[in-house]
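**Q** Dropping a structure here in C-alpha cells format, bear with me for questions.
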Amino acid sequence: MTFWAIGGNSSGINVINLKDYGKRLITGIGGFLGRSLAARLIQEKYKVYGIGRHSANLRNVTLYKADILDEQEMIKLSKDKDHVVHLAAVTEYKNLRDFPMESLKINIMGTFNMLNAFLKSKAKSFIYPSSGKIYGEPEYLPYDESHPVNPKTNLGKTKKICEDLISYFSTSLNKYFLVLRIFNVYGNGQKEDFLIPTILTQVKNKKREITLGDIESRRDYIYVEDVMDCFSKMMKKNKNGLQIYNLGSGVSYSARDIVN
C-alpha cells in the first residue's frame, strides 16, 4: 500500500514579492482542501488561480467566480495554466443523499469539463482527489491500489465514474494524470460537523461528556498538511500517463481512540 504521511505545519498565507514559478489552477478553491492547497502553493512562490462560485477571502490568489458546469468558461480559464487541480465537487453526505441527481451532474459533468479544458490547455498535469470510499467493503486490509473497486456510497460511486473518465482521457493525451484516493482528512479549517472538529468543539466548550454516534468503527485519518505535502511533491513530477495512489496514514482509529 502506498501512503504519504510526511508531516508539517501551515504558517498561513504571508508572501511578499510573489514570483511566477508556474501557474496553478485550483477548482473548488474556497473549500477545505482548496484553501489549504492555495496557502501551500503561495508559500512555494507559485502563481495561484482559483475557480469558485462564491467569493473566497484568499490573499495573493486570482479568483474566478465561475461554474465548473460552464464548459466554455472552463476552457478559457484553463488555457494558459501549467497545472490543474480539480477539487470542486459535492462530497457532503447530506447533499449526496438529498440531492443525488444534482450532485451527480456537478461531480461527473464538472470533471468532464475540466478534463476537456485540460486537453485543450498547455497544462502539464491534472490532479484529482478521489476517496478511499471507492473500495467499498474490504476483501483484505489494508487496502492497496490493486484492491477491487466496489463502492457502496454515493460519494464512492461518483468518484469511481470520475476515475473512469480520467483513465479514458489519459489514454489519448501525452500528459500527466494523478488520482489520489484520500482517506479521512482532518485539520484546521474543516467544518465542525466532521468527527475531529466535533470532538474538539465539545472539549472547547468544557462539556463533561462528549456525545457522538458510532464510536467503534475504525477509519484511517490523515492530517491536511500531510495531504498538501503530497500535492506539492507530485506537481513537481515530470512524466506522462496515469498514476493512482492511496493517501492516508496507514493506521486506523475509532472515535473512542481519538477521544482518549
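A note on labels: chains of the C-alpha cells are A, B, ... as shown, every chain counts residues from 1, and ligands are counted from 1 in their shown order.
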From stretch 4-227 of chain A, collect each residue whose DSSP state is strand (DSSP E or B) and return the set as a PyMOL selection string.

**A** chain A and resi 23-27+47-52+61-65+83-86+125-131+176-182+184-186+218-223

**Q** Store the residues of this selection in a file with N, CA and C atoms, as a compact mmCIF listing (two decimals), in the first residue's frame.

**A**
```
# COMPACT_ATOMS: atom_id res chain seq x y z
N LYS A 23 1.92 28.52 -13.08
CA LYS A 23 0.53 28.89 -12.80
C LYS A 23 -0.27 27.65 -12.42
N ARG A 24 -0.77 27.65 -11.20
CA ARG A 24 -1.57 26.54 -10.69
C ARG A 24 -3.03 26.95 -10.64
N LEU A 25 -3.90 26.17 -11.27
CA LEU A 25 -5.34 26.44 -11.25
C LEU A 25 -6.02 25.43 -10.34
N ILE A 26 -6.79 25.93 -9.37
CA ILE A 26 -7.48 25.07 -8.41
C ILE A 26 -8.98 25.32 -8.52
N THR A 27 -9.75 24.29 -8.85
CA THR A 27 -11.20 24.42 -8.77
C THR A 27 -11.63 24.10 -7.34
N LYS A 47 2.18 31.09 -8.77
CA LYS A 47 1.00 31.91 -9.01
C LYS A 47 -0.22 31.00 -8.92
N VAL A 48 -1.16 31.40 -8.10
CA VAL A 48 -2.33 30.56 -7.83
C VAL A 48 -3.58 31.22 -8.38
N TYR A 49 -4.34 30.44 -9.12
CA TYR A 49 -5.62 30.88 -9.68
C TYR A 49 -6.69 29.94 -9.17
N GLY A 50 -7.82 30.50 -8.77
CA GLY A 50 -8.87 29.67 -8.21
C GLY A 50 -10.20 29.86 -8.91
N ILE A 51 -10.95 28.76 -9.00
CA ILE A 51 -12.31 28.80 -9.54
C ILE A 51 -13.27 28.46 -8.42
N GLY A 52 -14.28 29.29 -8.24
CA GLY A 52 -15.30 29.04 -7.23
C GLY A 52 -16.57 29.80 -7.57
N VAL A 61 -4.28 35.39 -4.46
CA VAL A 61 -4.92 34.44 -5.35
C VAL A 61 -5.76 35.21 -6.36
N THR A 62 -5.64 34.84 -7.64
CA THR A 62 -6.54 35.38 -8.66
C THR A 62 -7.78 34.49 -8.69
N LEU A 63 -8.90 35.04 -8.27
CA LEU A 63 -10.11 34.24 -8.13
C LEU A 63 -11.08 34.49 -9.27
N TYR A 64 -11.52 33.40 -9.91
CA TYR A 64 -12.54 33.48 -10.95
C TYR A 64 -13.86 32.96 -10.37
N LYS A 65 -14.88 33.80 -10.35
CA LYS A 65 -16.20 33.33 -9.93
C LYS A 65 -16.86 32.69 -11.15
N HIS A 83 -0.71 23.75 -14.41
CA HIS A 83 -1.21 22.57 -13.70
C HIS A 83 -2.66 22.82 -13.30
N VAL A 84 -3.47 21.78 -13.35
CA VAL A 84 -4.88 21.86 -12.95
C VAL A 84 -5.13 20.89 -11.80
N VAL A 85 -5.68 21.42 -10.71
CA VAL A 85 -6.09 20.58 -9.57
C VAL A 85 -7.60 20.71 -9.45
N HIS A 86 -8.30 19.64 -9.69
CA HIS A 86 -9.76 19.68 -9.74
C HIS A 86 -10.35 19.18 -8.41
N SER A 125 -0.16 18.80 -16.00
CA SER A 125 -0.67 17.77 -15.11
C SER A 125 -2.08 18.09 -14.65
N PHE A 126 -2.83 17.01 -14.39
CA PHE A 126 -4.20 17.09 -13.89
C PHE A 126 -4.26 16.23 -12.63
N ILE A 127 -4.59 16.85 -11.51
CA ILE A 127 -4.63 16.15 -10.23
C ILE A 127 -6.06 16.10 -9.72
N TYR A 128 -6.49 14.90 -9.32
CA TYR A 128 -7.88 14.70 -8.89
C TYR A 128 -7.92 13.99 -7.55
N PRO A 129 -8.67 14.54 -6.57
CA PRO A 129 -8.81 13.86 -5.28
C PRO A 129 -9.97 12.88 -5.30
N SER A 130 -9.67 11.61 -5.35
CA SER A 130 -10.69 10.59 -5.20
C SER A 130 -10.85 10.29 -3.71
N SER A 131 -11.37 9.13 -3.38
CA SER A 131 -11.67 8.82 -1.98
C SER A 131 -11.42 7.36 -1.69
N TYR A 176 0.19 14.25 -17.84
CA TYR A 176 0.27 13.55 -16.56
C TYR A 176 -1.06 13.64 -15.83
N PHE A 177 -1.59 12.51 -15.41
CA PHE A 177 -2.83 12.44 -14.66
C PHE A 177 -2.55 11.74 -13.33
N LEU A 178 -2.98 12.38 -12.24
CA LEU A 178 -2.75 11.82 -10.92
C LEU A 178 -4.07 11.73 -10.17
N VAL A 179 -4.41 10.53 -9.69
CA VAL A 179 -5.58 10.30 -8.85
C VAL A 179 -5.10 9.93 -7.46
N LEU A 180 -5.56 10.69 -6.46
CA LEU A 180 -5.21 10.42 -5.07
C LEU A 180 -6.45 9.94 -4.33
N ARG A 181 -6.43 8.69 -3.93
CA ARG A 181 -7.56 8.14 -3.16
C ARG A 181 -7.34 8.48 -1.68
N ILE A 182 -7.93 9.60 -1.28
CA ILE A 182 -7.68 10.16 0.04
C ILE A 182 -8.65 9.56 1.05
N ASN A 184 -9.58 9.81 5.37
CA ASN A 184 -10.29 10.82 6.17
C ASN A 184 -9.35 11.95 6.57
N VAL A 185 -9.52 13.12 5.94
CA VAL A 185 -8.65 14.26 6.20
C VAL A 185 -9.18 15.04 7.39
N TYR A 186 -8.28 15.57 8.20
CA TYR A 186 -8.67 16.46 9.29
C TYR A 186 -7.65 17.59 9.37
N ARG A 218 -13.64 1.87 12.80
CA ARG A 218 -12.27 2.37 12.68
C ARG A 218 -12.03 2.95 11.29
N ARG A 219 -11.32 4.08 11.26
CA ARG A 219 -11.03 4.75 9.99
C ARG A 219 -9.59 5.25 10.01
N ASP A 220 -9.07 5.43 8.81
CA ASP A 220 -7.73 5.97 8.62
C ASP A 220 -7.84 7.48 8.50
N TYR A 221 -7.11 8.21 9.35
CA TYR A 221 -7.14 9.67 9.33
C TYR A 221 -5.78 10.22 8.91
N ILE A 222 -5.82 11.29 8.13
CA ILE A 222 -4.58 11.92 7.68
C ILE A 222 -4.70 13.43 7.84
N TYR A 223 -3.64 14.06 8.33
CA TYR A 223 -3.62 15.49 8.60
C TYR A 223 -3.55 16.25 7.28
```

**Q** Which polymer residues have any atom within 8 Å of an atom of A:Asn174, counting only C-alpha atoms, with same-chain residues fewer than 4 positions away left out, as a list of chain:residue names?

**A**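 So, after excluding close chain neighbours, the residues are A:Ser170, A:Asn240, A:Gly241.
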
**Q** I need the residue nearest A:Gly30 from this list: A:Gln72, A:Asn113, A:Thr211, A:Gln190. Use only C-alpha atoms for the distance.

**A**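 Checking each of A:Gln72, A:Asn113, A:Thr211, A:Gln190 against A:Gly30, counting only C-alpha atoms, the winner is A:Gln190.
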
**Q** Which residues, written as an MDAnalysis selection string, have at least one atom at most 10 Å from stretch 68-71 of chain A, with only C-alpha atoms counted and residues fewer than 3 positions away on the same chain left out?

**A** chainID A and resid 27:28 51:53 65 74:76 86 88:89 105:114 116:117

**Q** Would you put the residues from that selection into a file with N, CA, C and O atoms, as an mmCIF file, in the first residue's frame?

**A**
```cif
data_model
loop_
_atom_site.group_PDB
_atom_site.id
_atom_site.type_symbol
_atom_site.label_atom_id
_atom_site.label_comp_id
_atom_site.auth_asym_id
_atom_site.auth_seq_id
_atom_site.Cartn_x
_atom_site.Cartn_y
_atom_site.Cartn_z
ATOM 1 N N THR A 27 -9.752 24.292 -8.846
ATOM 2 C CA THR A 27 -11.203 24.420 -8.770
ATOM 3 C C THR A 27 -11.633 24.105 -7.339
ATOM 4 O O THR A 27 -10.971 23.349 -6.628
ATOM 5 N N GLY A 28 -12.749 24.689 -6.917
ATOM 6 C CA GLY A 28 -13.185 24.474 -5.539
ATOM 7 C C GLY A 28 -12.228 25.070 -4.531
ATOM 8 O O GLY A 28 -12.036 24.528 -3.441
ATOM 9 N N ILE A 51 -10.953 28.763 -9.003
ATOM 10 C CA ILE A 51 -12.309 28.802 -9.544
ATOM 11 C C ILE A 51 -13.271 28.458 -8.424
ATOM 12 O O ILE A 51 -13.103 27.449 -7.726
ATOM 13 N N GLY A 52 -14.282 29.294 -8.237
ATOM 14 C CA GLY A 52 -15.300 29.040 -7.229
ATOM 15 C C GLY A 52 -16.568 29.796 -7.566
ATOM 16 O O GLY A 52 -16.537 30.799 -8.288
ATOM 17 N N ARG A 53 -17.689 29.330 -7.046
ATOM 18 C CA ARG A 53 -18.952 30.009 -7.297
ATOM 19 C C ARG A 53 -19.176 31.167 -6.335
ATOM 20 O O ARG A 53 -20.045 32.000 -6.538
ATOM 21 N N LYS A 65 -14.879 33.801 -10.349
ATOM 22 C CA LYS A 65 -16.195 33.326 -9.934
ATOM 23 C C LYS A 65 -16.857 32.686 -11.150
ATOM 24 O O LYS A 65 -17.307 33.363 -12.066
ATOM 25 N N MET A 74 -14.646 27.137 -18.600
ATOM 26 C CA MET A 74 -13.542 26.340 -18.067
ATOM 27 C C MET A 74 -12.398 26.249 -19.079
ATOM 28 O O MET A 74 -11.215 26.286 -18.708
ATOM 29 N N ILE A 75 -12.723 26.126 -20.362
ATOM 30 C CA ILE A 75 -11.691 26.093 -21.407
ATOM 31 C C ILE A 75 -10.914 27.410 -21.410
ATOM 32 O O ILE A 75 -9.677 27.420 -21.475
ATOM 33 N N LYS A 76 -11.628 28.519 -21.317
ATOM 34 C CA LYS A 76 -10.988 29.835 -21.334
ATOM 35 C C LYS A 76 -10.078 30.034 -20.129
ATOM 36 O O LYS A 76 -8.946 30.524 -20.261
ATOM 37 N N HIS A 86 -8.298 19.639 -9.691
ATOM 38 C CA HIS A 86 -9.762 19.681 -9.737
ATOM 39 C C HIS A 86 -10.345 19.179 -8.411
ATOM 40 O O HIS A 86 -10.512 17.977 -8.209
ATOM 41 N N ALA A 88 -13.263 20.804 -6.999
ATOM 42 C CA ALA A 88 -14.677 21.157 -6.887
ATOM 43 C C ALA A 88 -15.560 19.928 -7.054
ATOM 44 O O ALA A 88 -15.473 19.213 -8.049
ATOM 45 N N ALA A 89 -16.407 19.680 -6.061
ATOM 46 C CA ALA A 89 -17.297 18.519 -6.097
ATOM 47 C C ALA A 89 -18.270 18.596 -4.936
ATOM 48 O O ALA A 89 -18.030 19.300 -3.949
ATOM 49 N N LYS A 105 -24.610 15.328 -11.389
ATOM 50 C CA LYS A 105 -24.323 16.216 -12.512
ATOM 51 C C LYS A 105 -23.092 17.067 -12.235
ATOM 52 O O LYS A 105 -22.203 17.192 -13.095
ATOM 53 N N ILE A 106 -23.023 17.654 -11.043
ATOM 54 C CA ILE A 106 -21.878 18.506 -10.702
ATOM 55 C C ILE A 106 -20.585 17.691 -10.703
ATOM 56 O O ILE A 106 -19.566 18.106 -11.269
ATOM 57 N N ASN A 107 -20.627 16.531 -10.071
ATOM 58 C CA ASN A 107 -19.407 15.739 -9.942
ATOM 59 C C ASN A 107 -18.934 15.160 -11.274
ATOM 60 O O ASN A 107 -17.733 15.201 -11.579
ATOM 61 N N ILE A 108 -19.852 14.634 -12.062
ATOM 62 C CA ILE A 108 -19.452 13.965 -13.302
ATOM 63 C C ILE A 108 -19.218 14.971 -14.424
ATOM 64 O O ILE A 108 -18.150 14.989 -15.050
ATOM 65 N N MET A 109 -20.195 15.831 -14.675
ATOM 66 C CA MET A 109 -20.044 16.790 -15.778
ATOM 67 C C MET A 109 -18.968 17.835 -15.449
ATOM 68 O O MET A 109 -18.254 18.282 -16.353
ATOM 69 N N GLY A 110 -18.850 18.195 -14.178
ATOM 70 C CA GLY A 110 -17.792 19.125 -13.801
ATOM 71 C C GLY A 110 -16.417 18.544 -14.077
ATOM 72 O O GLY A 110 -15.520 19.220 -14.601
ATOM 73 N N THR A 111 -16.244 17.275 -13.751
ATOM 74 C CA THR A 111 -14.963 16.616 -14.006
ATOM 75 C C THR A 111 -14.710 16.477 -15.504
ATOM 76 O O THR A 111 -13.593 16.706 -15.985
ATOM 77 N N PHE A 112 -15.744 16.109 -16.260
ATOM 78 C CA PHE A 112 -15.583 16.021 -17.715
ATOM 79 C C PHE A 112 -15.172 17.366 -18.298
ATOM 80 O O PHE A 112 -14.265 17.448 -19.142
ATOM 81 N N ASN A 113 -15.822 18.427 -17.867
ATOM 82 C CA ASN A 113 -15.496 19.758 -18.391
ATOM 83 C C ASN A 113 -14.062 20.158 -18.082
ATOM 84 O O ASN A 113 -13.368 20.743 -18.917
ATOM 85 N N MET A 114 -13.598 19.833 -16.868
ATOM 86 C CA MET A 114 -12.224 20.185 -16.511
ATOM 87 C C MET A 114 -11.218 19.340 -17.276
ATOM 88 O O MET A 114 -10.153 19.830 -17.678
ATOM 89 N N ASN A 116 -11.732 18.130 -20.295
ATOM 90 C CA ASN A 116 -11.772 18.655 -21.655
ATOM 91 C C ASN A 116 -10.993 19.966 -21.755
ATOM 92 O O ASN A 116 -10.256 20.201 -22.721
ATOM 93 N N ALA A 117 -11.133 20.810 -20.727
ATOM 94 C CA ALA A 117 -10.370 22.066 -20.703
ATOM 95 C C ALA A 117 -8.875 21.782 -20.592
ATOM 96 O O ALA A 117 -8.054 22.454 -21.233
#
```

**Q** Just list as a PyMOL selection string whatever in stretch 205-236 of chain A DSSP marks as alpha helix (DSSP H).

**A** chain A and resi 224-235

**Q** I'd like the contact shell of stretch 142-151 of chain A - 12 Å cut-off, only C-alpha atoms, skipping same-chain residues fewer than 4 positions apart - returned as JSON, numbers by chain.

**A** {"A": [1, 2, 3, 130, 131, 132, 133, 134, 135, 136, 137, 138, 155, 156, 157, 158, 159, 160, 161, 163, 164, 179, 180, 181, 182, 183, 219, 220, 243, 244, 245, 246, 247, 248, 249, 250, 251, 252]}

**Q** Grab the residues selected above and save them as a short mmCIF file (atom, residue, chain, number, x, y, z; two decimals), in the first residue's frame with C-alpha atoms.

**A**
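Written out: again.cif:
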```cif
data_model
loop_
_atom_site.label_atom_id
_atom_site.label_comp_id
_atom_site.auth_asym_id
_atom_site.auth_seq_id
_atom_site.Cartn_x
_atom_site.Cartn_y
_atom_site.Cartn_z
CA MET A 1 0.00 0.00 0.00
CA THR A 2 1.31 3.43 -0.89
CA PHE A 3 0.93 6.02 1.86
CA SER A 130 -10.69 10.59 -5.20
CA SER A 131 -11.67 8.82 -1.98
CA GLY A 132 -10.94 5.69 0.00
CA LYS A 133 -14.69 5.09 -0.20
CA ILE A 134 -14.18 3.92 -3.77
CA TYR A 135 -13.18 0.47 -2.46
CA GLY A 136 -16.37 -0.45 -0.61
CA GLU A 137 -16.32 -3.47 1.69
CA PRO A 138 -12.74 -4.69 2.19
CA LEU A 155 -19.65 9.53 -2.91
CA GLY A 156 -17.71 6.39 -3.74
CA LYS A 157 -19.85 5.74 -6.82
CA THR A 158 -19.36 9.23 -8.26
CA LYS A 159 -15.62 9.07 -7.53
CA LYS A 160 -15.41 5.78 -9.46
CA ILE A 161 -17.14 7.30 -12.50
CA GLU A 163 -11.75 7.94 -12.13
CA ASP A 164 -13.02 6.10 -15.22
CA VAL A 179 -5.58 10.30 -8.85
CA LEU A 180 -5.21 10.42 -5.07
CA ARG A 181 -7.56 8.14 -3.16
CA ILE A 182 -7.68 10.16 0.04
CA PHE A 183 -8.96 8.68 3.26
CA ARG A 219 -11.03 4.75 9.99
CA ASP A 220 -7.73 5.97 8.62
CA GLN A 243 -0.88 7.21 -11.63
CA ILE A 244 -3.16 6.25 -8.71
CA TYR A 245 -2.12 6.40 -5.06
CA ASN A 246 -3.81 5.81 -1.74
CA LEU A 247 -3.29 8.74 0.59
CA GLY A 248 -3.57 8.01 4.30
CA SER A 249 -1.61 7.36 7.46
CA GLY A 250 -1.73 3.57 7.28
CA VAL A 251 -3.21 3.33 10.80
CA SER A 252 -6.90 3.15 11.72
#
```

**Q** To one decimal in Å, tell me the separation between atom CA of A:Thr171 and atom CA of A:Leu115.

**A**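 A separation of 12.5 Å between them.
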